[in-house]
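K.L.:
Just dropping this structure here.
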Amino acid sequence: MTEENKIPEAAGPVIHVSPGPHIHSAALTTRRMMLDVLLALLPAVLVAFWVFGGYALAQIVYALAGCLGAEALFTAMRKKPFSLMDGSAAVTGVILALSMPATAPWYVGVIAGFAAIGLGKVIFGGLGNNIFNPAMVGRAFVMIAFATLMGASAYVDPDSSIQALTRATPMTAIKMMHETTPLSALLIGNTNGSLGETSAIACILGGVYLLWRRTASWEIPAGVLLAVAVISGAISVLHPDSSWGVLHSLTGGALLFGAFFIATDPVSSPVTPKGKWIFGVGIGIFIMILRTLSGYPEGVMFAVLLMNAVVPLINRWTIPTPVGGPVPVRK
Amino acid sequence: MSAKLVDLPGKGTFERGVHPHGHKQLAAEASIEVVPSPSEVLIPLLQHTGAPCVAAVKIRDEVKVGDVIGTSDAFISAPIHASVSGTVGKETVATLPNGRHVRALPITAAAEQPLQGQALLNDIYGGEWSTQALDRFEPDHIVKTIREAGIVGQGGAAFPTSVKVTPNEKKPVDVVLVNGCECEPYLTADQRLMQEFPAPIITGALLAGQACGAGQVIVAIEDNKPGAIAAMRKAAEGTGVKIAVVSTRYPMGGEKQTVKAVLGRIIPTGGLPLDVGVVVINVATAAAVARAVLRGKPLTHRVVSVTGAGITQPKNLLVPVGITYGELIDCCGGLTSEAARIVAGGPMMGFTLGDLRVPVTKGTSGVVVLTDADVRKSEETACVRCGRCVDVCPLNLAPTKMALAARHQDHDLARRYHIMACMECGCCAYACPASIPLVQLIRVGKAQLPKE
């Protein structure tokens, strides 16, 4: 380097050298995606407050405590950068809380949250590396560990001052007692059920926001709803006298909540549009199988977990073909 | 203005891609100015894709503008001409923005240059450009003239134009597509050229069509350049040249995307436009062809945009090949205090400069100076597999998979995801919410991929 080659000190701006592209879209960041999900959950949270009152707040606090506590503890143990600010643990916590029965004791929520982050996310290597939806891992854990506190009968508290809790959930009512909940109740959400799932309108509002922001991929909920509509439509044709129709199947239970907020978790869903369709349709099929053939009234959780397990395979099946065809092999 | 194609099979757009802010207004209204003649130029002997030239002149030789100073016998090559009159200096090595070290000849400019200022601009692009009776030029003659004039693609890749327009019996060409998309943000050189000097572009396009036997000549322009579109439409009247207005979407100027948007044809992976009967040339290249054939002048100058928020006064300059980037920046009032990154080319695919004494070549379309605010991005976080990169990839690849395979040196996986099909447009890295340097990793992965 000659004398004149040297950069004169404090003479003008510092110039960086870097590979391109040199500009970057500010429209979406990981944190913004998480914030979008929390915003989208707001209608469901508000309905939960309206229907279940203090129970809803309590469950959110329990699950968040478990999730955030586990995230802070495990990242500290792994000597990784503090990751609470990325918002993903908070998203898991709120989704988990909204999938719980109002009546679950405090320790169930905390343990579910802890399992969601610990078993669902951290042991796979943290955000971006988990195979299963963390919230559903947490819920499945307590569902098995505390079967009596999480089962269909646990949702009902006949002596409760909260009206919704005195009745069976719409899914249990149709399955066990062949009682059909009116569509209007399913839409508005003044029924029993997991905290966030009761109001179809709230789920649709939040879901549409997520799709509009393109934080969630539209292909996944479209696949889920299409599969459920087709299968329940076929069932309606076979049982024309049933009062539980296609719209009941679509608006009842955790279907909309699951389709918009759980199945759309990007980490545990495929990356290609085609893969997302397969994933969504698969979840819809499993939901209908579980709803109609299993002992459980609802099947969203297991359907999502089952399809999560095949995501690596779906990704492999749906490697997109480049425009212009595959790279020619040189001879 | 929206995309509008008349009697053309394409849809005026391609699938996926991104919409970065154009920032074209910075230099869009700046008329082409002639840069003051430099005291010295440094002319690289390799400015194109293909074989390098060897010096055809010796130290202390006196040369005039347009004299051949470098030649090559290789088919894929283009001779190099003096861009100023003066005295040849000692051969040296120049480092081009892409990091390549190439031999270069310095020429010390004589005090008296034959043409300067407005006269130079008029000589190159001004005056009358006939579109009549161009069939008096034999195709062979046009190809030979293009080769001798050292014309290479001025859109960036600098592929020798003579090779493109050489008739190939196995692959007949029916369309010459003149690319005026200029899809990179900031750059306005092609836009200004089309707006101010549409005539040589039309003439050159017709000559290129004549050379390769193409029946159709089409100019593609993005719909964000209404001034250029109007001027080109007027100049094209009665010549048979069609103006195709395509939608503004990066990377529309990529030849695969332009050909798809205008003609609906899909260039095979690893193939050329020639494989679907198309020759794509840049608008400035077309103008250079017209000048070579009608006026017998080689390619010695070009229009370069000097723009960005880090430039005091953005301009479009007509400059001699071999002038340094530093002189261009000086001519535009220098850098502002916010300047943070100097990019040769556009901000999506351009290269950053660490040294301003790098010479401008035939393929230099612009220099963009970005500020801290322009280049700022959030810290890299883990991939959440949102698939946004897949949604924007114009070639329908899965960038996250290729990039992470490249990062983990998993060559088989990278190949399975078609890593070699990537054209490195950078849409994936632009769009990634986690700020992962996707295309940068893919570039590394491509370079490290073992040969099959």
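Chain identifiers are assigned as A, B, and so on, following the order in which chains appear in the structure tokens; residues are numbered from 1 within each chain, and ligands are numbered from 1 in order of appearance.
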Can you check which residues of chain B have any atom within 6 Å of chain A? Use only C-alpha atoms and format it as an NGL selection string.
P.N.:
:B and (266-269 or 337 or 340-341 or 347-349 or 352 or 375 or 382-387 or 395-397 or 421 or 426 or 430-431 or 433-434)
K.L.:
Please provide the set of residues having any atom within 10 Å of region 141-146 of chain A, restricted to only C-alpha atoms, with same-chain residues fewer than 6 positions apart removed, written as a PDB file with N, CA, C and O atoms, in the first residue's frame.
P.N.:
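Output (out_24.pdb):
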```pdb
ATOM      1  N   MET A 100     -56.676 -23.877  26.289  1.00  0.00           N
ATOM      2  CA  MET A 100     -56.918 -24.588  27.550  1.00  0.00           C
ATOM      3  C   MET A 100     -58.376 -24.454  27.986  1.00  0.00           C
ATOM      4  O   MET A 100     -59.041 -23.482  27.645  1.00  0.00           O
ATOM      5  N   ALA A 104     -58.987 -25.285  34.194  1.00  0.00           N
ATOM      6  CA  ALA A 104     -57.743 -25.980  34.537  1.00  0.00           C
ATOM      7  C   ALA A 104     -57.046 -25.271  35.701  1.00  0.00           C
ATOM      8  O   ALA A 104     -56.987 -24.047  35.744  1.00  0.00           O
ATOM      9  N   TYR A 107     -51.433 -24.939  38.119  1.00  0.00           N
ATOM     10  CA  TYR A 107     -50.195 -25.680  37.829  1.00  0.00           C
ATOM     11  C   TYR A 107     -50.257 -26.370  36.462  1.00  0.00           C
ATOM     12  O   TYR A 107     -49.233 -26.608  35.838  1.00  0.00           O
ATOM     13  N   VAL A 108     -51.465 -26.684  36.001  1.00  0.00           N
ATOM     14  CA  VAL A 108     -51.584 -27.312  34.678  1.00  0.00           C
ATOM     15  C   VAL A 108     -51.105 -26.335  33.598  1.00  0.00           C
ATOM     16  O   VAL A 108     -50.311 -26.682  32.720  1.00  0.00           O
ATOM     17  N   GLY A 109     -51.568 -25.088  33.715  1.00  0.00           N
ATOM     18  CA  GLY A 109     -51.164 -24.077  32.735  1.00  0.00           C
ATOM     19  C   GLY A 109     -49.665 -23.825  32.756  1.00  0.00           C
ATOM     20  O   GLY A 109     -49.004 -23.743  31.714  1.00  0.00           O
ATOM     21  N   VAL A 110     -49.112 -23.722  33.979  1.00  0.00           N
ATOM     22  CA  VAL A 110     -47.678 -23.443  34.089  1.00  0.00           C
ATOM     23  C   VAL A 110     -46.868 -24.609  33.535  1.00  0.00           C
ATOM     24  O   VAL A 110     -45.906 -24.411  32.772  1.00  0.00           O
ATOM     25  N   ILE A 111     -47.272 -25.816  33.882  1.00  0.00           N
ATOM     26  CA  ILE A 111     -46.528 -26.986  33.388  1.00  0.00           C
ATOM     27  C   ILE A 111     -46.661 -27.093  31.867  1.00  0.00           C
ATOM     28  O   ILE A 111     -45.686 -27.386  31.157  1.00  0.00           O
ATOM     29  N   ALA A 112     -47.862 -26.817  31.358  1.00  0.00           N
ATOM     30  CA  ALA A 112     -48.054 -26.871  29.904  1.00  0.00           C
ATOM     31  C   ALA A 112     -47.125 -25.874  29.219  1.00  0.00           C
ATOM     32  O   ALA A 112     -46.487 -26.187  28.203  1.00  0.00           O
ATOM     33  N   GLY A 113     -47.042 -24.669  29.783  1.00  0.00           N
ATOM     34  CA  GLY A 113     -46.170 -23.660  29.196  1.00  0.00           C
ATOM     35  C   GLY A 113     -44.714 -24.074  29.244  1.00  0.00           C
ATOM     36  O   GLY A 113     -43.961 -23.921  28.272  1.00  0.00           O
ATOM     37  N   ALA A 115     -43.553 -27.132  29.399  1.00  0.00           N
ATOM     38  CA  ALA A 115     -43.334 -28.239  28.468  1.00  0.00           C
ATOM     39  C   ALA A 115     -43.322 -27.725  27.027  1.00  0.00           C
ATOM     40  O   ALA A 115     -42.538 -28.196  26.189  1.00  0.00           O
ATOM     41  N   ALA A 116     -44.192 -26.745  26.734  1.00  0.00           N
ATOM     42  CA  ALA A 116     -44.270 -26.214  25.370  1.00  0.00           C
ATOM     43  C   ALA A 116     -42.907 -25.696  24.932  1.00  0.00           C
ATOM     44  O   ALA A 116     -42.412 -26.033  23.849  1.00  0.00           O
ATOM     45  N   LEU A 119     -39.882 -28.807  26.025  1.00  0.00           N
ATOM     46  CA  LEU A 119     -39.915 -30.016  25.187  1.00  0.00           C
ATOM     47  C   LEU A 119     -40.270 -29.691  23.744  1.00  0.00           C
ATOM     48  O   LEU A 119     -39.886 -30.406  22.821  1.00  0.00           O
ATOM     49  N   GLY A 120     -41.039 -28.623  23.569  1.00  0.00           N
ATOM     50  CA  GLY A 120     -41.507 -28.325  22.211  1.00  0.00           C
ATOM     51  C   GLY A 120     -40.501 -27.548  21.389  1.00  0.00           C
ATOM     52  O   GLY A 120     -40.477 -27.655  20.174  1.00  0.00           O
ATOM     53  N   ALA A 135     -46.875 -24.951  21.249  1.00  0.00           N
ATOM     54  CA  ALA A 135     -48.080 -24.826  22.062  1.00  0.00           C
ATOM     55  C   ALA A 135     -48.829 -26.156  22.125  1.00  0.00           C
ATOM     56  O   ALA A 135     -49.345 -26.549  23.178  1.00  0.00           O
TER      57      ALA A 135
END
```
K.L.:
Write out as a compact mmCIF listing (two decimals) with N, CA, C and O atoms, in the first residue's frame the set of residues from region 333-402 of chain B that DSSP, computed on the backbone, places in strand (DSSP E).
P.N.:
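And here is the file that came out, result11.txt:
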```txt
# COMPACT_ATOMS: atom_id res chain seq x y z
N ALA B 339 -23.00 9.24 3.49
CA ALA B 339 -22.62 8.15 2.59
C ALA B 339 -22.03 6.98 3.38
O ALA B 339 -21.21 7.18 4.27
N ALA B 340 -22.50 5.78 3.09
CA ALA B 340 -22.04 4.63 3.84
C ALA B 340 -21.57 3.49 2.95
O ALA B 340 -20.77 2.66 3.36
N ARG B 341 -22.08 3.43 1.74
CA ARG B 341 -21.72 2.31 0.88
C ARG B 341 -21.76 2.76 -0.57
O ARG B 341 -22.74 3.37 -1.00
N ILE B 342 -20.71 2.47 -1.31
CA ILE B 342 -20.62 2.87 -2.71
C ILE B 342 -20.76 1.61 -3.56
O ILE B 342 -19.97 0.68 -3.43
N VAL B 343 -21.78 1.60 -4.39
CA VAL B 343 -22.11 0.39 -5.13
C VAL B 343 -21.89 0.63 -6.62
O VAL B 343 -22.42 1.59 -7.18
N ALA B 344 -21.10 -0.24 -7.25
CA ALA B 344 -20.97 -0.22 -8.70
C ALA B 344 -22.12 -1.04 -9.25
O ALA B 344 -22.22 -2.23 -8.99
N PHE B 351 -21.81 -4.36 -6.92
CA PHE B 351 -20.69 -4.68 -6.04
C PHE B 351 -20.26 -3.42 -5.30
O PHE B 351 -20.22 -2.34 -5.88
N THR B 352 -19.87 -3.59 -4.04
CA THR B 352 -19.41 -2.41 -3.31
C THR B 352 -17.95 -2.12 -3.67
O THR B 352 -17.17 -3.01 -3.99
N GLY B 366 -24.00 2.14 -13.48
CA GLY B 366 -24.21 3.23 -12.55
C GLY B 366 -23.35 3.08 -11.31
O GLY B 366 -22.72 2.04 -11.09
N VAL B 367 -23.33 4.15 -10.54
CA VAL B 367 -22.74 4.06 -9.22
C VAL B 367 -23.76 4.65 -8.26
O VAL B 367 -24.28 5.75 -8.48
N VAL B 368 -24.11 3.85 -7.26
CA VAL B 368 -25.14 4.25 -6.32
C VAL B 368 -24.49 4.38 -4.95
O VAL B 368 -23.85 3.43 -4.48
N VAL B 369 -24.62 5.54 -4.36
CA VAL B 369 -24.06 5.72 -3.02
C VAL B 369 -25.21 5.69 -2.02
O VAL B 369 -26.12 6.53 -2.07
N LEU B 370 -25.17 4.70 -1.16
CA LEU B 370 -26.25 4.51 -0.18
C LEU B 370 -25.83 5.09 1.16
O LEU B 370 -24.64 5.18 1.47
N THR B 371 -26.82 5.45 1.96
CA THR B 371 -26.53 6.00 3.29
C THR B 371 -26.73 4.91 4.34
O THR B 371 -27.25 3.83 4.04
```
K.L.:
With only C-alpha atoms as the basis for distance, which of B:Ala235, B:Pro167, B:Thr324, B:Val18 is at the shortest distance from Pro106 (chain B)?
P.N.:
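The closest residue to Pro106 (chain B) is B:Thr324.
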K.L.:
Using only C-alpha atoms, which residues sit within 12 Å of Gly258 (chain A) once same-chain residues fewer than 4 positions away are excluded, as a PyMOL selection string?
P.N.:
chain A and resi 41+95-96+98-99+133+135-136+194+196-198+200+203-204+206-207+220-222+224-225+250-254+262-265+280+283-284+287+298-305
K.L.:
Selection from above, C-alpha atoms, as a short mmCIF file (atom, residue, chain, number, x, y, z; two decimals), in the first residue's frame, can you write it?
P.N.:
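File produced: part.cif:
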```cif
data_model
loop_
_atom_site.label_atom_id
_atom_site.label_comp_id
_atom_site.auth_asym_id
_atom_site.auth_seq_id
_atom_site.Cartn_x
_atom_site.Cartn_y
_atom_site.Cartn_z
CA LEU A 41 -55.27 -13.08 18.73
CA ILE A 95 -51.98 -19.64 21.91
CA LEU A 96 -51.49 -22.31 24.56
CA LEU A 98 -56.41 -19.98 24.53
CA SER A 99 -56.42 -23.72 23.87
CA ASN A 133 -45.89 -26.77 17.22
CA ALA A 135 -48.08 -24.83 22.06
CA MET A 136 -49.58 -28.13 20.97
CA SER A 194 -61.28 -23.96 25.11
CA GLY A 196 -60.01 -18.91 22.43
CA GLU A 197 -61.93 -21.26 20.18
CA THR A 198 -65.52 -20.45 21.01
CA ALA A 200 -65.87 -18.20 14.99
CA CYS A 203 -61.03 -16.34 14.88
CA ILE A 204 -61.99 -15.22 11.38
CA GLY A 206 -57.77 -12.43 13.49
CA GLY A 207 -57.17 -14.93 10.72
CA ILE A 220 -52.74 -23.68 5.12
CA PRO A 221 -56.12 -22.49 6.46
CA ALA A 222 -57.54 -22.87 2.95
CA VAL A 224 -57.78 -27.23 6.37
CA LEU A 225 -61.16 -25.62 5.73
CA LEU A 250 -66.47 -25.42 10.21
CA THR A 251 -67.40 -23.07 13.04
CA GLY A 252 -67.55 -25.52 15.94
CA GLY A 253 -64.72 -26.64 18.18
CA ALA A 254 -61.15 -25.53 17.66
CA ILE A 262 -51.99 -23.13 15.20
CA ALA A 263 -51.50 -24.78 11.81
CA THR A 264 -50.02 -21.57 10.38
CA ASP A 265 -47.01 -21.61 12.71
CA GLY A 280 -53.47 -27.99 5.42
CA ILE A 283 -54.74 -31.54 9.00
CA GLY A 284 -58.33 -31.18 7.82
CA ILE A 287 -59.43 -33.54 12.23
CA GLU A 298 -62.18 -32.66 18.88
CA GLY A 299 -58.99 -33.50 16.98
CA VAL A 300 -57.20 -30.27 16.08
CA MET A 301 -54.28 -30.76 18.46
CA PHE A 302 -53.45 -34.30 17.39
CA ALA A 303 -54.05 -33.51 13.72
CA VAL A 304 -51.56 -30.63 13.84
CA LEU A 305 -48.97 -32.69 15.71
#
```
K.L.:
Ranking B:Lys260, B:Gln25, B:Leu294, B:Asn122 by minimum distance to Phe137 (chain B) and counting only C-alpha atoms, which one comes first?
P.N.:
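Closest candidate: B:Leu294.
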K.L.:
Any idea what's packed within 6 Å of region 195-208 of chain B, counting only C-alpha atoms, ignoring anything in its chain fewer than 4 positions away? Could you give it as JSON, numbers by chain?
P.N.:
{"B": [129, 131, 227, 228, 231, 232, 235, 283, 286, 287, 289, 290]}
K.L.:
Rounded to one decimal in Å, what is the spacing between CA of Ala220 (chain B) and CA of Gly350 (chain B)?
P.N.:
21.9 Å
K.L.:
If I take CA of Val165 (chain B) and CA of Gly277 (chain B), how far is one from the other in Å, to one decimal?
P.N.:
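Interatomic distance here is 11.3 Å.
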K.L.:
Just want the 10 Å neighbourhood of Val54 (chain B), counted on only C-alpha atoms, with same-chain residues fewer than 4 positions away dropped. Output as a PyMOL selection string.
P.N.:
chain B and resi 45-46+69-73+79-80+103-104
